[in-house]
file protein16.tsv (TSV, C-alpha atoms)
chain	number	residue	atom	x	y	z
A	90	MET	CA	20.68	7.88	-38.70
A	91	ILE	CA	18.72	6.00	-41.32
A	92	TRP	CA	16.95	3.93	-38.67
A	93	THR	CA	15.83	6.95	-36.67
A	94	LEU	CA	14.59	8.65	-39.82
A	95	MET	CA	12.87	5.51	-41.03
A	96	ILE	CA	11.05	4.98	-37.74
A	97	ILE	CA	9.89	8.62	-37.70
A	98	ALA	CA	8.76	8.26	-41.33
A	99	GLY	CA	6.87	5.12	-40.31
A	100	ILE	CA	5.21	6.91	-37.39
A	101	ILE	CA	4.23	9.84	-39.66
A	102	THR	CA	2.74	7.44	-42.20
A	103	PHE	CA	0.89	5.49	-39.52
A	104	LEU	CA	-0.50	8.71	-38.00
A	105	MET	CA	-1.73	9.86	-41.42
A	106	ARG	CA	-3.78	6.66	-41.50
A	107	TYR	CA	-4.74	6.39	-37.85
A	108	SER	CA	-5.20	9.93	-36.48
A	109	LEU	CA	-8.57	10.82	-37.99
A	110	ILE	CA	-9.88	7.30	-37.35
A	111	ALA	CA	-8.98	7.81	-33.69
A	112	ILE	CA	-10.13	11.42	-33.39
A	113	ILE	CA	-13.31	11.83	-35.43
A	114	LYS	CA	-16.60	10.88	-33.84
A	115	PRO	CA	-19.06	10.01	-36.61
A	116	GLU	CA	-21.88	11.94	-34.93
A	117	SER	CA	-19.75	15.10	-35.15
A	118	LEU	CA	-19.70	14.96	-38.96
A	119	SER	CA	-22.40	16.95	-40.75
A	120	VAL	CA	-24.49	15.38	-43.49
A	121	THR	CA	-22.67	17.56	-46.03
A	122	THR	CA	-19.23	16.47	-44.78
A	123	LYS	CA	-20.23	12.82	-45.00
A	124	LYS	CA	-21.50	13.41	-48.52
A	125	VAL	CA	-18.26	15.15	-49.54
A	126	LEU	CA	-16.28	12.22	-48.12
A	127	THR	CA	-18.06	9.84	-50.52
A	128	TYR	CA	-16.05	11.57	-53.27
A	129	VAL	CA	-12.65	10.76	-51.73
A	130	PRO	CA	-11.66	7.95	-54.16
A	131	SER	CA	-12.81	10.04	-57.13
A	132	ALA	CA	-10.82	13.01	-55.83
A	133	VAL	CA	-7.57	11.19	-54.97
A	134	PHE	CA	-7.00	8.45	-57.57
A	135	PRO	CA	-7.08	10.63	-60.73
A	136	ALA	CA	-4.18	12.60	-59.24
A	137	ILE	CA	-2.23	9.34	-59.25
A	138	ILE	CA	-3.55	8.22	-62.66
A	139	PHE	CA	-3.24	11.34	-64.84
A	140	PRO	CA	0.48	12.14	-64.40
A	141	ALA	CA	1.36	8.46	-64.93
A	142	VAL	CA	-0.56	8.33	-68.22
A	143	PHE	CA	-0.28	11.81	-69.69
A	144	LEU	CA	3.21	12.98	-68.64
A	145	ASN	CA	6.37	11.66	-70.26
A	146	LYS	CA	9.82	11.39	-68.67
A	147	ASN	CA	10.44	15.10	-69.29
A	148	GLN	CA	7.20	15.85	-67.48
A	149	SER	CA	5.57	17.32	-70.57
A	150	LEU	CA	2.14	16.28	-71.85
A	151	GLN	CA	1.90	13.27	-74.14
A	152	PHE	CA	-1.17	12.08	-76.05
A	153	ASN	CA	0.17	10.07	-78.96
A	154	THR	CA	1.52	7.11	-76.96
A	155	TYR	CA	0.59	3.47	-76.41
A	156	GLU	CA	-0.08	4.27	-72.75
A	157	VAL	CA	-2.72	6.83	-73.66
A	158	TYR	CA	-4.40	4.55	-76.22
A	159	ALA	CA	-4.42	1.58	-73.85
A	160	PHE	CA	-5.72	3.80	-71.07
A	161	ILE	CA	-8.61	5.04	-73.23
A	162	LEU	CA	-9.51	1.46	-74.22
A	163	ALA	CA	-9.49	0.41	-70.56
A	164	LEU	CA	-11.61	3.44	-69.71
A	165	ILE	CA	-14.22	2.49	-72.33
A	166	VAL	CA	-14.34	-1.15	-71.20
A	167	GLY	CA	-14.52	-0.03	-67.58
A	168	TYR	CA	-17.37	2.34	-68.31
A	169	PHE	CA	-19.49	-0.28	-70.01
A	170	THR	CA	-18.66	-3.37	-67.92
A	171	LYS	CA	-18.07	-1.79	-64.47
A	172	ASN	CA	-15.70	-4.72	-64.03
A	173	THR	CA	-12.36	-4.23	-62.25
A	174	ILE	CA	-10.61	-7.29	-63.69
A	175	LEU	CA	-11.76	-6.65	-67.27
A	176	THR	CA	-10.57	-3.05	-67.02
A	177	ILE	CA	-7.08	-4.06	-65.88
A	178	ALA	CA	-6.90	-6.86	-68.45
A	179	THR	CA	-7.94	-4.54	-71.28
A	180	GLY	CA	-5.39	-1.90	-70.28
A	181	LEU	CA	-2.46	-4.29	-69.98
A	182	VAL	CA	-3.25	-6.56	-72.93
A	183	SER	CA	-3.90	-3.66	-75.29
A	184	TYR	CA	-0.69	-2.00	-74.10
A	185	TRP	CA	1.32	-5.16	-74.81
A	186	PHE	CA	-0.47	-5.64	-78.13
A	187	LEU	CA	0.30	-2.08	-79.25
A	188	SER	CA	3.91	-2.26	-78.00
A	189	TYR	CA	4.99	-5.67	-79.26
A	190	ILE	CA	2.62	-7.02	-81.86
A	191	LEU	CA	1.58	-4.04	-83.96
B	267	MET	CA	-21.18	-3.38	-29.50
B	268	TYR	CA	-19.96	-6.59	-31.03
B	269	GLN	CA	-22.34	-9.18	-32.27
B	270	SER	CA	-20.69	-12.54	-32.14
B	271	ILE	CA	-20.12	-14.17	-35.48
B	272	SER	CA	-18.86	-17.63	-36.17
B	273	THR	CA	-15.26	-18.33	-37.01
B	274	SER	CA	-16.26	-19.76	-40.37
B	275	MET	CA	-18.11	-16.52	-41.15
B	276	LYS	CA	-15.05	-14.50	-40.18
B	277	SER	CA	-12.78	-16.55	-42.42
B	278	LYS	CA	-15.31	-16.37	-45.25
B	279	ILE	CA	-15.24	-12.56	-45.12
B	280	PHE	CA	-11.44	-12.57	-44.71
B	281	PHE	CA	-11.04	-14.69	-47.85
B	282	GLN	CA	-13.52	-12.47	-49.69
B	283	GLY	CA	-11.17	-9.57	-48.93
B	284	ILE	CA	-8.20	-11.56	-50.24
B	285	GLN	CA	-10.07	-12.50	-53.39
B	286	ASP	CA	-11.20	-8.94	-54.06
B	287	VAL	CA	-7.66	-7.57	-53.87
B	288	LEU	CA	-5.85	-10.22	-55.96
B	289	THR	CA	-5.91	-8.40	-59.32
B	290	LEU	CA	-4.49	-5.30	-57.69
B	291	LEU	CA	-1.32	-7.24	-56.91
B	292	ILE	CA	-0.31	-7.07	-60.60
B	293	PRO	CA	1.59	-3.78	-60.15
B	294	VAL	CA	2.33	-4.26	-56.43
B	295	ILE	CA	4.63	-7.28	-56.82
B	296	PRO	CA	6.89	-5.92	-59.61
B	297	PHE	CA	6.95	-2.50	-57.94
B	298	GLY	CA	8.07	-4.14	-54.68
B	299	ILE	CA	10.83	-6.01	-56.51
B	300	ILE	CA	11.96	-2.86	-58.31
B	301	TYR	CA	11.90	-0.99	-55.00
B	302	GLY	CA	14.16	-3.63	-53.42
B	303	VAL	CA	16.62	-3.42	-56.31
B	304	LEU	CA	16.62	0.38	-56.32
B	305	GLY	CA	17.14	0.59	-52.58
B	306	LEU	CA	20.35	-1.45	-52.88
B	307	GLU	CA	21.51	0.49	-55.94
B	308	LEU	CA	21.10	3.72	-53.99
B	309	GLY	CA	23.51	2.35	-51.41
B	310	LEU	CA	21.20	1.29	-48.57
B	311	GLU	CA	21.91	-1.77	-46.46
B	312	PRO	CA	19.78	-4.78	-47.46
B	313	TRP	CA	18.23	-4.83	-43.99
B	314	ALA	CA	17.30	-1.16	-44.21
B	315	VAL	CA	15.53	-1.68	-47.54
B	316	ILE	CA	13.60	-4.68	-46.23
B	317	ALA	CA	12.74	-2.94	-42.95
B	318	SER	CA	11.46	0.16	-44.75
B	319	SER	CA	8.67	-1.87	-46.37
B	320	PHE	CA	7.67	-3.08	-42.93
B	321	ILE	CA	8.11	0.19	-41.02
B	322	ILE	CA	6.81	2.74	-43.55
B	323	PHE	CA	4.62	0.45	-45.69
B	324	GLY	CA	3.76	2.93	-48.43
B	325	GLY	CA	5.35	2.40	-51.85
B	326	ALA	CA	5.61	5.92	-53.26
B	327	SER	CA	6.74	7.39	-49.94
B	328	GLN	CA	9.37	4.66	-49.44
B	329	LEU	CA	10.73	5.42	-52.90
B	330	ALA	CA	10.98	9.11	-52.02
B	331	PHE	CA	12.56	8.21	-48.68
B	332	VAL	CA	15.39	6.10	-50.12
B	333	GLN	CA	16.00	8.45	-53.06
B	334	LEU	CA	16.22	11.56	-50.89
B	335	PHE	CA	18.24	9.80	-48.18
B	336	SER	CA	20.78	8.47	-50.67
B	337	VAL	CA	21.63	11.97	-51.91
B	338	GLY	CA	21.97	13.33	-48.39
B	339	THR	CA	18.83	15.46	-48.29
B	340	SER	CA	18.02	17.21	-45.00
B	341	PRO	CA	15.95	15.07	-42.62
B	342	TYR	CA	13.20	17.72	-42.58
B	343	ILE	CA	12.79	17.50	-46.36
B	344	ILE	CA	12.78	13.69	-46.23
B	345	LEU	CA	10.14	13.55	-43.51
B	346	GLY	CA	8.15	16.39	-45.06
B	347	SER	CA	8.15	14.52	-48.33
B	348	VAL	CA	6.95	11.28	-46.72
B	349	GLY	CA	4.26	13.24	-44.89
B	350	ALA	CA	3.10	15.09	-48.01
B	351	ILE	CA	2.98	11.95	-50.13
B	352	ASN	CA	1.05	10.04	-47.48
B	353	SER	CA	-1.25	12.90	-46.46
B	354	ARG	CA	-3.92	11.50	-48.77
B	355	HIS	CA	-4.39	8.80	-46.15
B	356	LEU	CA	-5.88	11.46	-43.87
B	357	LEU	CA	-8.80	11.51	-46.29
B	358	TYR	CA	-9.12	7.71	-46.18
B	359	GLY	CA	-9.02	7.94	-42.38
B	360	ALA	CA	-11.79	10.55	-42.39
B	361	VAL	CA	-13.95	8.28	-44.55
B	362	CYS	CA	-13.24	5.21	-42.38
B	363	SER	CA	-13.82	7.07	-39.12
B	364	GLN	CA	-17.56	6.95	-39.88
B	365	TYR	CA	-17.52	3.17	-39.72
B	366	PHE	CA	-14.63	2.31	-37.38
B	367	ASN	CA	-16.00	3.95	-34.23
B	368	LYS	CA	-17.30	0.73	-32.72
B	369	LEU	CA	-14.02	-1.12	-33.19
B	370	THR	CA	-11.61	-1.62	-30.30
B	371	ASN	CA	-8.48	0.51	-30.38
B	372	GLY	CA	-6.41	-2.58	-31.21
B	373	TRP	CA	-8.43	-3.16	-34.37
B	374	LYS	CA	-8.23	0.55	-35.24
B	375	ILE	CA	-4.42	0.41	-34.96
B	376	LEU	CA	-4.11	-2.80	-36.97
B	377	LEU	CA	-6.48	-1.71	-39.75
B	378	SER	CA	-4.89	1.77	-39.90
B	379	TYR	CA	-1.46	0.24	-40.44
B	380	LEU	CA	-2.92	-1.83	-43.31
B	381	LEU	CA	-4.92	1.06	-44.81
B	382	THR	CA	-3.20	1.49	-48.18
B	383	ASP	CA	-4.79	3.04	-51.29
B	384	GLN	CA	-5.69	-0.35	-52.69
B	385	ALA	CA	-7.01	-1.88	-49.47
B	386	PHE	CA	-9.11	1.22	-48.84
B	387	ALA	CA	-10.55	1.22	-52.36
B	388	VAL	CA	-11.23	-2.51	-52.48
B	389	SER	CA	-12.81	-2.79	-49.05
B	390	LEU	CA	-14.71	0.52	-48.99
B	391	PRO	CA	-17.92	-0.82	-50.63
B	392	TYR	CA	-17.88	-3.69	-48.11
B	393	ILE	CA	-17.13	-1.33	-45.19
B	394	LYS	CA	-20.16	0.79	-46.10
B	395	LYS	CA	-22.57	-2.13	-46.19
B	396	ASN	CA	-21.43	-4.71	-43.64
B	397	LYS	CA	-20.92	-4.56	-39.88
B	398	ASN	CA	-18.23	-7.24	-40.04
B	399	PHE	CA	-16.14	-5.30	-42.54
B	400	ARG	CA	-13.02	-5.56	-40.37
B	401	TYR	CA	-12.30	-9.08	-41.59
B	402	HIS	CA	-12.64	-7.95	-45.21
B	403	LEU	CA	-10.21	-5.06	-44.74
B	404	LEU	CA	-7.91	-7.38	-42.79
B	405	GLY	CA	-7.96	-9.80	-45.74
B	406	SER	CA	-7.29	-7.20	-48.43
B	407	GLY	CA	-4.84	-5.20	-46.31
B	408	PHE	CA	-2.88	-8.21	-45.08
B	409	THR	CA	-2.61	-9.64	-48.61
B	410	LEU	CA	-1.19	-6.39	-49.94
B	411	TRP	CA	1.13	-6.14	-46.94
B	412	PHE	CA	2.33	-9.73	-47.30
B	413	PHE	CA	3.13	-9.47	-51.01
B	414	TRP	CA	4.75	-6.05	-50.56
B	415	GLN	CA	7.13	-7.51	-47.94
B	416	ILE	CA	7.85	-10.64	-49.99
B	417	SER	CA	8.45	-8.73	-53.21
B	418	THR	CA	10.78	-6.26	-51.47
B	419	VAL	CA	12.80	-9.19	-50.11
B	420	CYS	CA	12.82	-10.77	-53.62
B	421	GLY	CA	14.15	-7.55	-55.11
B	422	VAL	CA	16.90	-7.35	-52.48
B	423	LEU	CA	17.92	-11.01	-52.79
B	424	LEU	CA	17.35	-11.79	-56.46
B	425	GLY	CA	17.91	-8.47	-58.18
B	426	ASN	CA	15.87	-7.21	-61.06
B	427	ILE	CA	13.90	-10.25	-62.18
B	428	VAL	CA	11.07	-8.22	-63.70
B	429	PRO	CA	11.58	-7.69	-67.43
B	430	PRO	CA	11.13	-3.94	-68.09
B	431	GLU	CA	9.52	-4.85	-71.43
B	432	LEU	CA	6.35	-5.80	-69.59
B	433	GLY	CA	5.71	-2.10	-68.99
B	434	LEU	CA	4.35	-2.85	-65.53
B	435	SER	CA	4.72	0.74	-64.39
B	436	PHE	CA	1.71	1.30	-66.64
B	437	ALA	CA	-0.20	-1.19	-64.46
B	438	ILE	CA	-0.25	1.36	-61.63
B	439	PRO	CA	-2.55	3.93	-63.31
B	440	ILE	CA	-4.60	1.11	-64.84
B	441	THR	CA	-5.34	-0.53	-61.49
B	442	PHE	CA	-6.29	2.83	-60.00
B	443	LEU	CA	-8.59	3.39	-62.98
B	444	SER	CA	-10.18	0.00	-62.32
B	445	LEU	CA	-10.99	1.18	-58.78
B	446	LEU	CA	-13.08	4.03	-60.18
B	447	VAL	CA	-15.08	2.29	-62.91
B	448	LYS	CA	-18.24	1.99	-60.82
B	449	GLU	CA	-18.45	5.78	-60.59
B	450	LEU	CA	-17.86	6.50	-64.29
B	451	ASN	CA	-21.57	6.80	-65.11
B	452	LYS	CA	-22.14	9.41	-62.38
B	453	ILE	CA	-21.68	12.91	-63.77
B	454	ASP	CA	-20.80	14.46	-60.41
B	455	HIS	CA	-18.05	11.88	-59.82
B	456	VAL	CA	-16.72	12.34	-63.36
B	457	ILE	CA	-16.49	16.11	-62.82
B	458	VAL	CA	-14.58	15.54	-59.56
B	459	MET	CA	-12.24	13.06	-61.29
B	460	MET	CA	-11.55	15.44	-64.19
B	461	VAL	CA	-10.78	18.32	-61.82
B	462	SER	CA	-8.45	16.14	-59.75
B	463	GLY	CA	-6.67	14.75	-62.82
B	464	LEU	CA	-6.26	18.08	-64.61
B	465	VAL	CA	-5.09	19.89	-61.47
B	466	SER	CA	-2.55	17.11	-60.84
B	467	LEU	CA	-1.05	17.73	-64.30
B	468	LEU	CA	-0.82	21.46	-63.57
B	469	LEU	CA	0.71	21.06	-60.11
B	470	PHE	CA	2.92	18.04	-60.86
B	471	ASN	CA	6.15	20.02	-60.49
B	472	PHE	CA	5.32	21.38	-57.06
B	473	PRO	CA	7.82	20.27	-54.42
B	474	LEU	CA	7.43	17.24	-52.12
B	475	LYS	CA	4.88	15.54	-54.43
B	476	ILE	CA	2.30	17.75	-52.81
B	477	TYR	CA	0.23	17.69	-56.01
B	478	ILE	CA	-1.68	14.57	-54.93
B	479	ILE	CA	-3.21	16.02	-51.78
B	480	LEU	CA	-3.68	19.48	-53.37
B	481	SER	CA	-5.50	18.00	-56.37
B	482	ALA	CA	-7.66	15.91	-54.03
B	483	LEU	CA	-8.57	18.89	-51.85
B	484	ILE	CA	-9.42	21.08	-54.86
B	485	ALA	CA	-11.53	18.25	-56.32
B	486	LEU	CA	-13.33	17.80	-52.98
B	487	SER	CA	-14.05	21.55	-52.92
B	488	VAL	CA	-15.68	21.13	-56.31
B	489	ALA	CA	-17.68	18.21	-54.89
B	490	TYR	CA	-18.80	20.46	-52.04
B	491	PHE	CA	-19.83	23.13	-54.56
B	492	LEU	CA	-21.84	20.58	-56.56
B	493	ILE	CA	-23.65	19.29	-53.47
B	494	LYS	CA	-24.47	22.79	-52.27
B	495	ASN	CA	-25.67	24.14	-55.61
B	496	PHE	CA	-27.37	21.22	-57.33
B	497	LYS	CA	-30.07	19.40	-55.43
B	498	ARG	CA	-29.73	16.22	-57.48
B	499	PHE	CA	-26.18	15.69	-56.18
B	500	ALA	CA	-27.09	16.34	-52.54
B	501	LYS	CA	-29.06	13.13	-52.15

call {"tool": "encode", "arguments": {"input": "protein16.tsv", "output": "structure tokens"}}
result
Amino acid sequence: MIWTLMIIAGIITFLMRYSLIAIIKPESLSVTTKKVLTYVPSAVFPAIIFPAVFLNKNQSLQFNTYEVYAFILALIVGYFTKNTILTIATGLVSYWFLSYIL
Amino acid sequence: MYQSISTSMKSKIFFQGIQDVLTLLIPVIPFGIIYGVLGLELGLEPWAVIASSFIIFGGASQLAFVQLFSVGTSPYIILGSVGAINSRHLLYGAVCSQYFNKLTNGWKILLSYLLTDQAFAVSLPYIKKNKNFRYHLLGSGFTLWFFWQISTVCGVLLGNIVPPELGLSFAIPITFLSLLVKELNKIDHVIVMMVSGLVSLLLFNFPLKIYIILSALIALSVAYFLIKNFKRFAK
């Protein structure tokens, strides 16, 4: 039972990744569609980020937490440096600092 | 059409992909370990937990899979949930389809299997600019795959060796933030991000974790609106 389900789940996941790569011919995409697709990371990742930062375990909004402060610091550093590693380092180090040193 | 490139060039691009993805492993490894531990706690066979990382290869959807399976949820709900959580990959596929068309089907299959959020985000700038992007995506995708498998096995064999005090679940949103920093000075992208983020908070309680793809589609509609109505965004 679990193996059948797992294999189907694997096929579904693979097809989510593969199907459009296999089907779409680039020349069939309009200029507008291609332009809209440049926004995909900006449209998907915040939906992963926001609930993880701004919702607590009871799924209600939280603003006065170490996560939110560390997130804002990382956001500021990211904005000014455009540097992936510095952004992650700022977020994690400031979170640890706020949680365990302050 | 394939231009031939030297093996040393291929490995140079492959290692560039590995290097570019390394920092993103910070949440991947502890999450993989925690996943392995949780899978056992929920009553799955060790082999089933390990195999799920290989067969499904998508962290959030695997978590949903084992959680729903362990409480005896209907197969349709389990599969629907996996599909809904992973439907965002359709968007990554649409983006990649513009660049993958000259690859052989074997490469398309291999790179699709490795096309996770992080690999997509890390390799996308390279994919857009370089014809030999497949080695970059292979490097980033394989690295993520390798450490995801290893960390799942570690979780299953060694138990919970990640101290919860490290707060590494917070590393997930932070690494995704780091993948967006290059767009933070573009007002159109910031609008799209805000729409996506705010909608995700509103729709978070919708069933099957469908809020991710819904937020993304609403944010892309806003992007379409911006392109159509403001000439400076259309370029």

call {"tool": "interface_residues", "arguments": {"input": "protein16.tsv", "of": "chain B", "to": "chain A", "cutoff": "6 Å", "atoms": "all atoms listed in the file", "output": "short mmCIF file (atom, residue, chain, number, x, y, z; two decimals) with C-alpha atoms, in the coordinates of the input"}}
result
data_model
loop_
_atom_site.label_atom_id
_atom_site.label_comp_id
_atom_site.auth_asym_id
_atom_site.auth_seq_id
_atom_site.Cartn_x
_atom_site.Cartn_y
_atom_site.Cartn_z
CA ILE B 321 8.11 0.19 -41.02
CA ILE B 322 6.81 2.74 -43.55
CA LEU B 345 10.14 13.55 -43.51
CA SER B 353 -1.25 12.90 -46.46
CA HIS B 355 -4.39 8.80 -46.15
CA LEU B 356 -5.88 11.46 -43.87
CA GLY B 359 -9.02 7.94 -42.38
CA ALA B 360 -11.79 10.55 -42.39
CA VAL B 361 -13.95 8.28 -44.55
CA SER B 363 -13.82 7.07 -39.12
CA GLN B 364 -17.56 6.95 -39.88
CA SER B 378 -4.89 1.77 -39.90
CA TYR B 379 -1.46 0.24 -40.44
CA PRO B 439 -2.55 3.93 -63.31
CA ILE B 440 -4.60 1.11 -64.84
CA THR B 441 -5.34 -0.53 -61.49
CA SER B 444 -10.18 0.00 -62.32
CA VAL B 447 -15.08 2.29 -62.91
CA LYS B 448 -18.24 1.99 -60.82
CA LEU B 450 -17.86 6.50 -64.29
CA VAL B 458 -14.58 15.54 -59.56
CA MET B 459 -12.24 13.06 -61.29
CA SER B 462 -8.45 16.14 -59.75
CA GLY B 463 -6.67 14.75 -62.82
CA SER B 466 -2.55 17.11 -60.84
CA LEU B 467 -1.05 17.73 -64.30
CA ILE B 478 -1.68 14.57 -54.93
CA ALA B 482 -7.66 15.91 -54.03
CA ALA B 485 -11.53 18.25 -56.32
CA TYR B 490 -18.80 20.46 -52.04
#

call {"tool": "atom_distance", "arguments": {"input": "protein16.tsv", "atom1": "atom CA of B:Thr409", "atom2": "atom CA of B:Gly325"}}
result
14.8 Å

call {"tool": "atom_distance", "arguments": {"input": "protein16.tsv", "atom1": "atom CA of B:Val419", "atom2": "atom CA of B:Ile300"}}
result
10.4 Å

call {"tool": "atom_distance", "arguments": {"input": "protein16.tsv", "atom1": "atom CA of B:Phe413", "atom2": "atom CA of B:Asn426"}}
result
16.4 Å

call {"tool": "axis_aligned_box", "arguments": {"input": "protein16.tsv", "around": "stretch 140-143 of chain A", "padding_each_side": "5 Å", "output": "lines of an AutoDock Vina configuration file"}}
result
center_x = 0.4
center_y = 10.2
center_z = -67.0
size_x = 11.9
size_y = 13.8
size_z = 15.3

call {"tool": "closest_residue", "arguments": {"input": "protein16.tsv", "among": "A:Thr93, A:Asn145, A:Ser119, A:Tyr155", "to": "A:Ile190", "atoms": "only C-alpha atoms"}}
result
A:Tyr155

call {"tool": "closest_residue", "arguments": {"input": "protein16.tsv", "among": "B:Trp313, B:Phe399, B:Tyr392, B:Phe323", "to": "B:Lys276", "atoms": "only C-alpha atoms"}}
result
B:Phe399

call {"tool": "closest_residue", "arguments": {"input": "protein16.tsv", "among": "B:Leu423, B:Leu443, B:Leu308, B:Ala350", "to": "B:Gly338", "atoms": "only C-alpha atoms"}}
result
B:Leu308

call {"tool": "closest_residue", "arguments": {"input": "protein16.tsv", "among": "B:Phe331, B:Leu486, B:Ser417, B:Asn451", "to": "B:Ile299", "atoms": "all atoms listed in the file"}}
result
B:Ser417
